[in-house]
$ cat protein.cif   # mmCIF, C-alpha atoms and all ligand atoms
data_query
#
loop_
_atom_site.label_atom_id
_atom_site.label_comp_id
_atom_site.auth_asym_id
_atom_site.auth_seq_id
_atom_site.Cartn_x
_atom_site.Cartn_y
_atom_site.Cartn_z
CA MET A 1 96.68 85.66 127.81
CA ASN A 2 100.04 84.10 127.28
CA ARG A 3 100.14 80.32 127.36
CA SER A 4 103.41 79.70 125.61
CA ARG A 5 105.12 76.34 126.04
CA SER A 6 108.12 75.77 128.25
CA SER A 7 107.96 78.90 130.34
CA GLN A 8 108.36 76.48 133.26
CA PRO A 9 111.34 77.65 135.30
CA PRO A 10 114.47 75.63 134.67
CA VAL A 11 114.42 72.41 136.61
CA THR A 12 116.98 69.86 137.57
CA ARG A 13 116.97 66.15 137.99
CA MET A 14 117.45 66.50 141.72
CA THR A 15 114.15 65.21 142.93
CA ARG A 16 112.23 65.39 146.14
CA SER A 17 111.89 62.20 148.08
CA ALA A 18 110.20 61.35 151.34
CA GLY A 19 110.96 59.46 154.46
CA SER A 20 114.29 58.06 153.43
CA ARG A 21 117.82 59.35 153.68
CA HIS A 22 118.91 57.05 150.89
CA ILE A 23 118.28 58.05 147.31
CA GLU A 24 118.53 55.36 144.68
CA PRO A 25 121.11 56.18 142.02
CA SER A 26 118.57 55.25 139.36
CA GLU A 27 116.18 57.81 140.76
CA LYS A 28 118.84 60.50 140.67
CA LEU A 29 119.61 59.70 137.04
CA ASP A 30 116.05 60.21 135.95
CA CYS A 31 115.78 63.57 134.27
CA GLY A 32 112.04 63.50 134.47
CA PRO A 33 109.61 63.66 131.60
CA GLY A 34 110.25 67.33 130.78
CA PRO A 35 111.20 68.33 127.23
CA TYR A 36 114.70 69.50 128.20
CA GLY A 37 115.91 66.47 130.09
CA LYS A 38 119.27 66.15 128.32
CA GLN A 39 120.14 69.77 128.74
CA ARG A 40 119.28 69.57 132.41
CA ARG A 41 121.46 66.49 132.79
CA LYS A 42 124.55 68.42 131.60
CA GLN A 43 123.86 71.44 133.76
CA THR A 44 123.50 69.61 137.03
CA ASP A 45 126.04 66.78 137.01
CA SER A 46 128.52 68.44 139.36
CA ALA A 47 125.87 69.69 141.75
CA LEU A 48 124.32 66.24 141.76
CA ALA A 49 127.63 64.54 142.50
CA GLN A 50 128.22 66.90 145.37
CA ASP A 51 124.77 66.40 146.82
CA LEU A 52 125.02 62.63 146.48
CA SER A 53 128.25 62.56 148.44
CA GLN A 54 126.70 64.74 151.08
CA MET A 55 123.66 62.53 151.28
CA ARG A 56 125.86 59.61 152.28
CA VAL A 57 127.03 61.67 155.21
CA SER A 58 123.50 62.24 156.41
CA GLY A 59 122.39 58.73 155.54
CA GLN A 60 123.05 57.33 158.97
CA GLY A 61 119.87 56.94 160.89
CA GLY A 62 119.30 59.07 163.93
CA LEU A 63 118.02 58.15 167.31
CA ASN A 64 114.44 58.14 168.26
CA THR A 65 113.71 61.33 170.13
CA SER A 66 112.20 59.43 173.00
CA SER A 67 115.36 57.39 173.57
CA PRO A 68 117.63 58.09 176.56
CA SER A 69 120.37 59.28 174.23
CA ALA A 70 118.01 61.80 172.73
CA SER A 71 117.25 63.24 176.11
CA ALA A 72 120.97 63.41 176.78
CA VAL A 73 121.27 65.46 173.62
CA LYS A 74 118.40 67.61 174.75
CA SER A 75 119.89 68.43 178.10
CA SER A 76 123.30 69.13 176.57
CA SER A 77 121.69 71.81 174.45
CA ARG A 78 120.85 74.19 177.29
CA GLY A 79 122.21 77.69 176.82
CA GLY A 80 122.49 77.24 173.05
CA LEU A 81 120.29 80.17 172.26
CA ALA A 82 122.29 82.57 174.43
CA SER A 83 125.61 81.39 172.96
CA VAL A 84 124.43 82.00 169.43
CA ALA A 85 122.88 85.35 170.35
CA ARG A 86 126.27 86.35 171.74
CA LEU A 87 127.99 85.40 168.48
CA VAL A 88 125.50 87.46 166.48
CA LYS A 89 125.91 90.44 168.78
CA LEU A 90 129.69 90.18 168.48
CA GLY A 91 129.28 90.53 164.71
CA ARG A 92 130.58 87.02 164.03
CA CYS A 93 127.56 85.97 161.93
CA LYS A 94 127.14 87.99 158.76
CA ASN A 95 126.13 85.25 156.34
CA VAL A 96 123.26 83.54 158.05
CA VAL A 97 121.48 80.74 156.21
CA VAL A 98 118.04 79.71 157.46
CA VAL A 99 116.58 76.29 156.72
CA ALA A 100 112.86 76.22 157.41
CA GLY A 101 109.95 73.82 157.39
CA ALA A 102 106.27 73.59 158.14
CA GLY A 103 106.84 74.23 161.85
CA ILE A 104 107.43 77.93 161.19
CA SER A 105 103.87 78.27 159.90
CA THR A 106 101.92 76.37 162.53
CA ALA A 107 101.60 79.62 164.49
CA SER A 108 99.85 81.02 161.40
CA GLY A 109 97.25 78.28 161.67
CA ILE A 110 98.69 75.92 159.02
CA PRO A 111 99.26 72.40 160.32
CA ASP A 112 102.60 70.76 159.61
CA PHE A 113 102.89 67.20 158.29
CA ARG A 114 104.09 65.13 161.16
CA THR A 115 103.07 66.57 164.51
CA PRO A 116 101.00 63.82 166.11
CA GLY A 117 97.34 64.77 166.40
CA THR A 118 97.44 68.12 164.61
CA GLY A 119 99.67 67.38 161.59
CA LEU A 120 98.12 66.87 158.17
CA TYR A 121 99.25 63.25 158.17
CA ALA A 122 97.11 62.60 161.21
CA ASN A 123 94.08 64.22 159.64
CA LEU A 124 93.84 62.79 156.19
CA GLU A 125 90.44 61.11 156.31
CA ARG A 126 88.86 63.98 154.42
CA TYR A 127 91.27 63.60 151.52
CA ASN A 128 90.39 59.98 150.89
CA ILE A 129 93.91 58.83 150.14
CA PRO A 130 95.48 55.44 150.82
CA TYR A 131 98.62 56.71 152.59
CA PRO A 132 99.75 60.21 153.67
CA GLU A 133 102.46 60.83 151.06
CA ALA A 134 99.94 60.12 148.28
CA ILE A 135 98.76 63.69 148.54
CA PHE A 136 102.10 64.84 147.08
CA ASN A 137 102.66 61.83 144.82
CA ILE A 138 102.72 62.84 141.17
CA ASP A 139 101.45 59.50 139.88
CA TYR A 140 98.61 59.57 142.34
CA PHE A 141 97.82 63.13 141.29
CA SER A 142 97.84 62.10 137.64
CA ASN A 143 95.21 59.50 138.45
CA ASP A 144 93.18 61.61 140.89
CA PRO A 145 94.02 65.27 141.48
CA GLN A 146 91.16 65.87 143.91
CA PRO A 147 92.96 65.07 147.18
CA PHE A 148 95.73 67.55 146.39
CA PHE A 149 93.27 70.14 145.12
CA SER A 150 91.29 69.92 148.38
CA LEU A 151 94.48 70.61 150.31
CA ALA A 152 95.55 73.30 147.84
CA LYS A 153 92.30 75.18 148.42
CA ALA A 154 93.32 75.56 152.01
CA LEU A 155 97.00 76.29 151.41
CA TYR A 156 96.68 78.87 148.64
CA PRO A 157 98.31 82.14 149.67
CA GLY A 158 95.70 84.60 150.80
CA SER A 159 94.14 82.88 153.76
CA HIS A 160 97.00 82.90 156.27
CA ARG A 161 99.21 85.58 157.69
CA PRO A 162 102.93 85.47 158.41
CA ASN A 163 103.75 85.19 162.11
CA TYR A 164 106.54 86.40 164.37
CA ILE A 165 108.92 83.70 163.12
CA HIS A 166 108.63 84.83 159.50
CA TYR A 167 109.28 88.41 160.58
CA PHE A 168 112.28 87.31 162.60
CA ILE A 169 113.78 85.94 159.38
CA ARG A 170 112.97 89.18 157.64
CA MET A 171 114.67 91.05 160.49
CA LEU A 172 117.83 89.01 159.82
CA HIS A 173 117.65 90.40 156.30
CA ARG A 174 116.88 93.92 157.44
CA ASN A 175 119.94 93.82 159.66
CA GLY A 176 122.06 92.73 156.71
CA LEU A 177 122.76 89.26 158.10
CA LEU A 178 120.65 86.97 155.93
CA LEU A 179 122.51 85.21 153.15
CA ARG A 180 119.45 83.12 152.17
CA VAL A 181 116.43 81.33 153.55
CA TYR A 182 115.75 77.86 152.18
CA THR A 183 112.17 76.89 152.88
CA GLN A 184 110.27 73.70 152.23
CA ASN A 185 107.02 75.55 152.73
CA ILE A 186 104.58 76.21 149.95
CA ASP A 187 102.38 78.66 151.82
CA GLY A 188 104.11 81.77 150.48
CA LEU A 189 104.34 83.36 153.93
CA GLU A 190 108.04 84.18 153.60
CA LYS A 191 107.23 86.31 150.56
CA LEU A 192 104.19 87.81 152.18
CA CYS A 193 106.16 89.02 155.18
CA GLY A 194 108.45 90.90 152.83
CA ILE A 195 111.52 88.70 152.44
CA PRO A 196 112.70 89.63 148.96
CA ASP A 197 112.84 87.05 146.19
CA ASP A 198 116.61 87.08 145.92
CA LYS A 199 116.92 86.04 149.57
CA LEU A 200 114.43 83.20 149.28
CA VAL A 201 114.63 79.68 147.89
CA GLU A 202 111.26 77.95 147.87
CA ALA A 203 112.77 74.51 147.49
CA HIS A 204 109.45 72.72 147.12
CA GLY A 205 107.95 75.28 144.77
CA SER A 206 104.93 77.49 145.33
CA PHE A 207 101.49 78.39 144.07
CA ALA A 208 102.80 81.47 142.28
CA THR A 209 102.99 79.66 138.93
CA ALA A 210 101.22 76.66 137.43
CA ALA A 211 101.79 74.25 134.56
CA CYS A 212 100.58 71.02 133.02
CA HIS A 213 101.81 68.12 135.15
CA LEU A 214 102.54 66.10 132.01
CA CYS A 215 103.95 68.41 129.31
CA TYR A 216 104.85 71.38 131.53
CA THR A 217 103.03 73.90 129.38
CA ALA A 218 102.66 76.99 131.53
CA TYR A 219 99.17 77.92 132.65
CA PRO A 220 98.07 81.22 134.19
CA ALA A 221 98.38 80.75 137.93
CA GLU A 222 95.35 82.88 138.72
CA GLU A 223 93.15 80.85 136.36
CA ALA A 224 94.39 77.61 137.92
CA LYS A 225 93.57 79.02 141.34
CA GLN A 226 90.08 80.08 140.31
CA ALA A 227 89.37 76.63 138.85
CA ILE A 228 90.66 74.81 141.93
CA MET A 229 88.79 77.11 144.29
CA ASN A 230 85.59 76.39 142.38
CA ASP A 231 86.13 72.62 142.47
CA LYS A 232 86.98 72.48 138.79
CA VAL A 233 89.99 70.79 137.24
CA PRO A 234 92.21 73.16 135.23
CA LEU A 235 93.19 71.51 131.96
CA CYS A 236 96.27 72.04 129.82
CA THR A 237 95.60 74.01 126.64
CA PHE A 238 98.21 71.93 124.83
CA CYS A 239 97.59 68.30 125.84
CA ALA A 240 94.44 68.52 128.01
CA ALA A 241 96.11 66.87 131.00
CA THR A 242 95.57 68.27 134.49
CA VAL A 243 97.29 71.51 135.39
CA LYS A 244 99.00 71.71 138.76
CA PRO A 245 100.40 74.64 140.75
CA ASP A 246 104.21 74.44 140.64
CA VAL A 247 104.46 72.79 144.03
CA VAL A 248 107.17 70.12 143.87
CA PHE A 249 105.78 66.62 144.35
CA PHE A 250 107.73 63.55 145.38
CA GLY A 251 109.71 62.40 142.38
CA GLU A 252 109.56 65.81 140.70
CA ASP A 253 112.47 68.11 139.95
CA LEU A 254 113.41 70.84 142.38
CA PRO A 255 113.65 74.42 141.10
CA GLN A 256 116.98 75.49 139.65
CA LYS A 257 117.26 78.10 142.40
CA TYR A 258 117.71 75.28 144.89
CA PHE A 259 121.24 74.86 143.55
CA LEU A 260 122.27 78.18 145.02
CA ASN A 261 122.91 75.96 148.03
CA THR A 262 126.25 74.88 146.55
CA GLN A 263 127.47 78.48 146.89
CA ASP A 264 125.57 79.53 150.01
CA PHE A 265 126.21 76.72 152.48
CA PRO A 266 130.02 76.78 152.21
CA LYS A 267 129.83 80.54 152.71
CA ALA A 268 127.51 80.44 155.74
CA ASP A 269 128.82 81.52 159.14
CA LEU A 270 125.61 80.55 160.99
CA LEU A 271 122.95 78.02 160.07
CA ILE A 272 119.55 78.29 161.73
CA ILE A 273 117.28 75.27 161.26
CA MET A 274 113.65 75.91 162.21
CA GLY A 275 110.47 73.87 162.31
CA THR A 276 111.43 70.94 160.15
CA SER A 277 111.64 67.21 160.78
CA LEU A 278 114.47 66.99 158.18
CA GLN A 279 112.80 63.97 156.63
CA ILE A 280 112.64 65.01 153.02
CA GLU A 281 115.63 64.67 150.74
CA PRO A 282 117.61 66.22 149.20
CA PHE A 283 116.64 69.19 151.37
CA ALA A 284 117.43 67.48 154.66
CA SER A 285 121.06 66.87 153.70
CA LEU A 286 121.71 70.55 153.18
CA VAL A 287 122.31 71.03 156.89
CA ASN A 288 125.43 68.86 156.62
CA THR A 289 127.01 71.04 153.99
CA VAL A 290 128.11 73.97 156.12
CA ARG A 291 131.72 73.92 157.29
CA SER A 292 132.18 71.79 160.41
CA THR A 293 133.18 74.79 162.53
CA VAL A 294 130.09 76.78 161.61
CA PRO A 295 127.48 77.05 164.38
CA ARG A 296 124.26 75.22 163.61
CA LEU A 297 121.27 76.24 165.71
CA LEU A 298 118.24 73.95 165.72
CA LEU A 299 114.98 75.53 166.88
CA ASN A 300 112.29 72.87 166.95
CA ARG A 301 109.99 70.98 169.23
CA HIS A 302 112.32 68.00 169.27
CA ALA A 303 115.74 66.95 168.02
CA VAL A 304 115.89 66.07 164.34
CA GLY A 305 118.45 64.96 161.74
CA PRO A 306 122.06 65.20 162.90
CA PHE A 307 120.91 66.71 166.20
CA GLN A 308 119.67 63.29 167.25
CA LYS A 309 123.20 61.93 167.30
CA VAL A 310 125.47 61.89 170.29
CA PRO A 311 127.80 63.68 170.56
CA LEU A 312 126.75 66.80 168.73
CA ARG A 313 129.26 68.72 166.68
CA ARG A 314 131.07 71.22 168.90
CA ALA A 315 129.41 74.10 167.10
CA ASP A 316 125.90 72.61 167.28
CA HIS A 317 123.28 74.24 169.49
CA MET A 318 119.63 73.55 169.89
CA GLU A 319 116.73 75.00 171.74
CA LEU A 320 113.73 72.74 171.98
CA GLY A 321 110.18 73.87 172.60
CA ASP A 322 107.52 75.96 170.95
CA LEU A 323 109.13 77.76 168.04
CA GLU A 324 107.36 81.08 168.28
CA GLU A 325 108.15 81.30 171.96
CA THR A 326 111.81 80.38 171.35
CA VAL A 327 112.19 82.85 168.51
CA ARG A 328 110.70 85.61 170.67
CA ARG A 329 113.27 84.85 173.36
CA PHE A 330 116.05 84.82 170.76
CA ALA A 331 114.87 88.19 169.44
CA GLU A 332 114.79 89.59 172.99
CA MET A 333 118.37 88.47 173.52
CA LEU A 334 119.36 90.20 170.31
CA GLY A 335 117.43 93.35 171.22
CA TRP A 336 115.27 92.99 168.10
CA ASN A 337 111.85 92.43 169.60
CA ASP A 338 110.52 95.98 169.34
CA ASP A 339 111.73 96.31 165.75
CA ILE A 340 110.07 93.03 164.82
CA GLU A 341 106.78 94.09 166.39
CA GLU A 342 106.97 97.36 164.51
CA LEU A 343 107.83 95.60 161.25
CA MET A 344 104.85 93.29 161.72
CA ARG A 345 102.52 96.23 162.23
CA SER A 346 103.70 98.10 159.14
CA GLN A 347 103.73 95.02 156.91
CA GLU A 348 100.26 94.02 158.11
CA THR A 349 98.88 97.25 156.71
CA LEU A 350 100.48 96.45 153.38
CA ILE A 351 99.34 92.85 153.14
CA LEU A 352 95.86 93.15 154.55
CA PRO A 353 94.31 93.76 151.11
CA THR A 354 95.99 90.63 149.74
CA LEU A 355 94.38 88.40 152.33
CA MET A 356 90.99 87.00 151.69
CA SER A 357 88.50 85.41 153.98
CA SER A 358 88.90 81.70 153.61
CA PRO A 359 86.09 79.40 154.55
CA LEU A 360 88.47 76.51 153.94
CA SER A 361 91.70 77.39 155.67
CA VAL A 362 93.65 74.32 156.70
CA SER A 363 93.11 75.07 160.34
CA ASP A 364 89.39 75.17 159.75
CA GLN A 365 89.62 71.89 157.91
CA THR A 366 91.50 70.14 160.66
CA SER A 367 89.93 72.17 163.44
CA CYS A 368 92.66 70.95 165.71
CA GLN A 369 95.51 73.37 165.21
CA SER A 370 96.64 75.13 168.33
CA ARG A 371 96.08 78.79 167.58
CA GLY A 372 96.85 80.52 170.83
CA SER A 373 100.11 82.30 171.38
CA PRO A 374 101.14 83.25 174.87
CA ASP A 375 100.26 86.91 174.38
CA GLY A 376 96.95 86.30 172.65
CA THR A 377 98.09 87.77 169.32
CA GLU A 378 96.71 84.78 167.49
CA THR A 379 93.22 85.99 168.19
CA SER A 380 93.85 89.19 166.29
CA ARG A 381 95.50 87.20 163.49
CA ALA A 382 92.47 84.98 163.19
CA VAL A 383 90.19 87.99 163.06
CA GLY A 384 92.42 89.54 160.41
CA GLN A 385 92.26 86.38 158.36
CA ARG A 386 88.56 86.87 158.03
CA ALA A 387 88.66 90.63 157.57
CA ALA A 388 90.25 91.04 154.21
CA GLY A 389 89.13 91.53 150.65
CA SER A 390 89.93 89.32 147.66
CA GLY A 391 93.51 88.19 147.08
CA SER A 392 95.28 87.22 143.88
CA GLU A 393 98.70 86.05 142.73
CA GLU A 394 99.20 89.50 141.16
CA THR A 395 98.55 91.33 144.40
CA ASP A 396 100.82 88.91 146.22
CA SER A 397 103.72 89.71 143.95
CA GLU A 398 102.94 93.40 144.04
CA THR A 399 103.16 93.28 147.81
CA ASP A 400 106.40 91.38 147.53
CA SER A 401 108.07 93.93 145.34
CA LYS A 402 106.84 96.80 147.50
CA SER A 403 108.09 95.18 150.65
CA SER A 404 111.32 94.15 148.97
CA ALA A 405 111.96 97.77 148.26
CA SER A 406 111.23 98.73 151.82
CA SER A 407 113.33 95.94 153.25
CA SER A 408 116.29 96.64 151.03
CA GLN A 409 116.14 100.26 152.09
CA SER A 410 116.35 99.16 155.63
CA THR A 411 119.48 97.06 155.22
P1 LIG B 501 107.13 68.18 159.13
O1 LIG B 501 107.69 66.87 158.75
O2 LIG B 501 105.70 68.21 159.48
O3 LIG B 501 107.98 68.70 160.38
C1 LIG B 501 107.65 69.87 161.07
C2 LIG B 501 108.56 69.98 162.27
O4 LIG B 501 108.27 71.20 162.92
C3 LIG B 501 108.37 68.87 163.27
O5 LIG B 501 109.63 68.43 163.73
C4 LIG B 501 107.57 69.52 164.40
O6 LIG B 501 107.86 68.98 165.66
C5 LIG B 501 108.07 70.94 164.30
N1 LIG B 501 107.06 71.89 164.77
C6 LIG B 501 105.80 72.07 164.33
N2 LIG B 501 105.19 73.06 164.98
C7 LIG B 501 106.10 73.52 165.89
C8 LIG B 501 106.08 74.53 166.86
N3 LIG B 501 105.00 75.29 167.06
N4 LIG B 501 107.18 74.71 167.62
C9 LIG B 501 108.28 73.96 167.44
N5 LIG B 501 108.37 73.00 166.50
C10 LIG B 501 107.29 72.77 165.75
O7 LIG B 501 107.39 69.28 158.02
P2 LIG B 501 108.71 69.54 157.18
O8 LIG B 501 108.68 70.96 156.81
O9 LIG B 501 109.92 69.00 157.83
O10 LIG B 501 108.44 68.65 155.91
C11 LIG B 501 108.59 69.17 154.68
C12 LIG B 501 107.30 69.15 153.90
C13 LIG B 501 106.14 69.70 154.67
C14 LIG B 501 107.44 70.08 152.76
O11 LIG B 501 107.55 69.35 151.60
C15 LIG B 501 106.21 70.98 152.73
O12 LIG B 501 105.70 71.11 151.44
C16 LIG B 501 105.25 70.32 153.62
N6 LIG B 501 104.27 71.18 154.30
C17 LIG B 501 104.30 72.51 154.15
C18 LIG B 501 103.37 73.29 154.81
C19 LIG B 501 103.42 74.78 154.61
O13 LIG B 501 103.76 75.24 153.54
N7 LIG B 501 103.10 75.54 155.66
C20 LIG B 501 102.44 72.70 155.65
C21 LIG B 501 102.45 71.30 155.78
C22 LIG B 501 103.37 70.54 155.09
#
$ encode --input "protein.cif" --output "structure tokens" --more "lines below"
Ligand code: CNA
Amino acid sequence: MNRSRSSQPPVTRMTRSAGSRHIEPSEKLDCGPGPYGKQRRKQTDSALAQDLSQMRVSGQGGLNTSSPSASAVKSSSRGGLASVARLVKLGRCKNVVVVAGAGISTASGIPDFRTPGTGLYANLERYNIPYPEAIFNIDYFSNDPQPFFSLAKALYPGSHRPNYIHYFIRMLHRNGLLLRVYTQNIDGLEKLCGIPDDKLVEAHGSFATAACHLCYTAYPAEEAKQAIMNDKVPLCTFCAATVKPDVVFFGEDLPQKYFLNTQDFPKADLLIIMGTSLQIEPFASLVNTVRSTVPRLLLNRHAVGPFQKVPLRRADHMELGDLEETVRRFAEMLGWNDDIEELMRSQETLILPTLMSSPLSVSDQTSCQSRGSPDGTETSRAVGQRAAGSGSEETDSETDSKSSASSSQST
């Protein structure tokens, strides 16, 4: 068992923050408590300066979605999906960047944060926390890790299956169009559906690795998972503080890979934003960093971020409504639907052994997630969620490399 120090992936001082477009300069200058703070400071100055300037752009508040202006925006968006499908079919979009959030996984039975009624923030009684964001607050975790561990038990990869939306993103890759997907999700479903590692930035980390939350000594992810699943607290072998999966908490550094955005976004020729409220910085500001002529397509239940402003950029399009339904329509327009269905079937056979029955899936915990899809496929997904053997981080990555090979063959 290897528990060497500092095998934590390189981190930066760009930190995650919630609910505010404005980031205090003092917060940005904090390198965090990690042992390599100074080194990190040198590496990331230019990226930080760039992101800070961009954040000012996005710092203007948007309109409330229920306001008259918001509905004006909504109605002006009609036909957006067809226009973008036409551009793709004409071969004008060969470097597509996808920005994703919790809304792409609700069809897999994982509640998002903010949807009224079903979102995790509306169902926090069981976690016994004073305010919703506390569940991802590192100081709160340091004092009491149990609320996060209860949620982690339900979010650990292995109990949920990728849905049509994840496979749509993979199809972008298979067709050679995906430059990168930037996801805020920590459920690992992008990996599980076969999107290869080099196409994926998990901006808020994942459960694939774990480390001490104080000294960052690496800890075997599978052991951390076993402890958490058995209601035990994994402890650091170096300083005895609590070990945490490498999910990025508010105030923590984002993974170094996040900074690929400085190359990717200027290169993008289509930006697709899916299932996010664009509330968490610095991630939310990314959508303002594509060139102003680049089409931005928002697929969400309601307008968010810059899409709440009137007028929209000329190249902005949005399609509001249920995401899975919208993505299916988009795929139909592109002529991809049959291929996606086929891809889902073949990948399901590969991933079934990695899924485990989960008595504590988030949807079970909240028991309020809408699970039905128009064609009833959710029923089979739910059955499949119960039908599998034991999963592990190792099998997850094995599946990933297998499917990466198959998806790269297909591009
Ligand atoms: P959020 O703030 O909850 O926003 C989700 C957005 O998706 C909202 O605008 C919803 O209206 C929209 N949405 C949800 N379901 C649908 C649907 N079926 N059709 C159309 N739109 C829909 O979540 P964000 O991702 O913006 O916030 C980022 C947080 C959420 C990240 O830090 C994650 O770690 C965190 N999170 C992740 C998961 C996950 O990994 N699956 C789950 C819950 C929270």
$ axis_aligned_box --input "protein.cif" --around "segment 163-169 of chain A" --padding-each-side "8 Å" --output "lines of an AutoDock Vina configuration file"
center_x = 108.8
center_y = 86.1
center_z = 161.9
size_x = 26.0
size_y = 20.7
size_z = 21.0
$ atom_distance --input "protein.cif" --atom1 "atom CA of Cys193 of chain A" --atom2 "atom CA of Asp264 of chain A"
22.2 Å
$ residues_near_ligand --input "protein.cif" --ligand "ligand LIG 501 (chain B)" --cutoff "7 Å" --atoms "only C-alpha atoms and all ligand atoms" --output "PyMOL selection string"
chain A and resi 100-107+110-115+119-120+184-187+204+275-280+299-302+304+321-324
$ residues_around --input "protein.cif" --residues "Thr237 of chain A" --least-positions-apart "4" --cutoff "9 Å" --atoms "all atoms listed in the file" --output "NGL selection string"
:A and (3 or 212 or 217 or 219 or 241)
$ atom_distance --input "protein.cif" --atom1 "atom CA of Pro234 of chain A" --atom2 "atom CA of His160 of chain A"
23.7 Å
$ residues_around --input "protein.cif" --residues "Ser206 of chain A" --least-positions-apart "5" --cutoff "7 Å" --atoms "only C-alpha atoms" --output "list in words"
Ile186, Gly188, Asp246 and Val247 of chain A
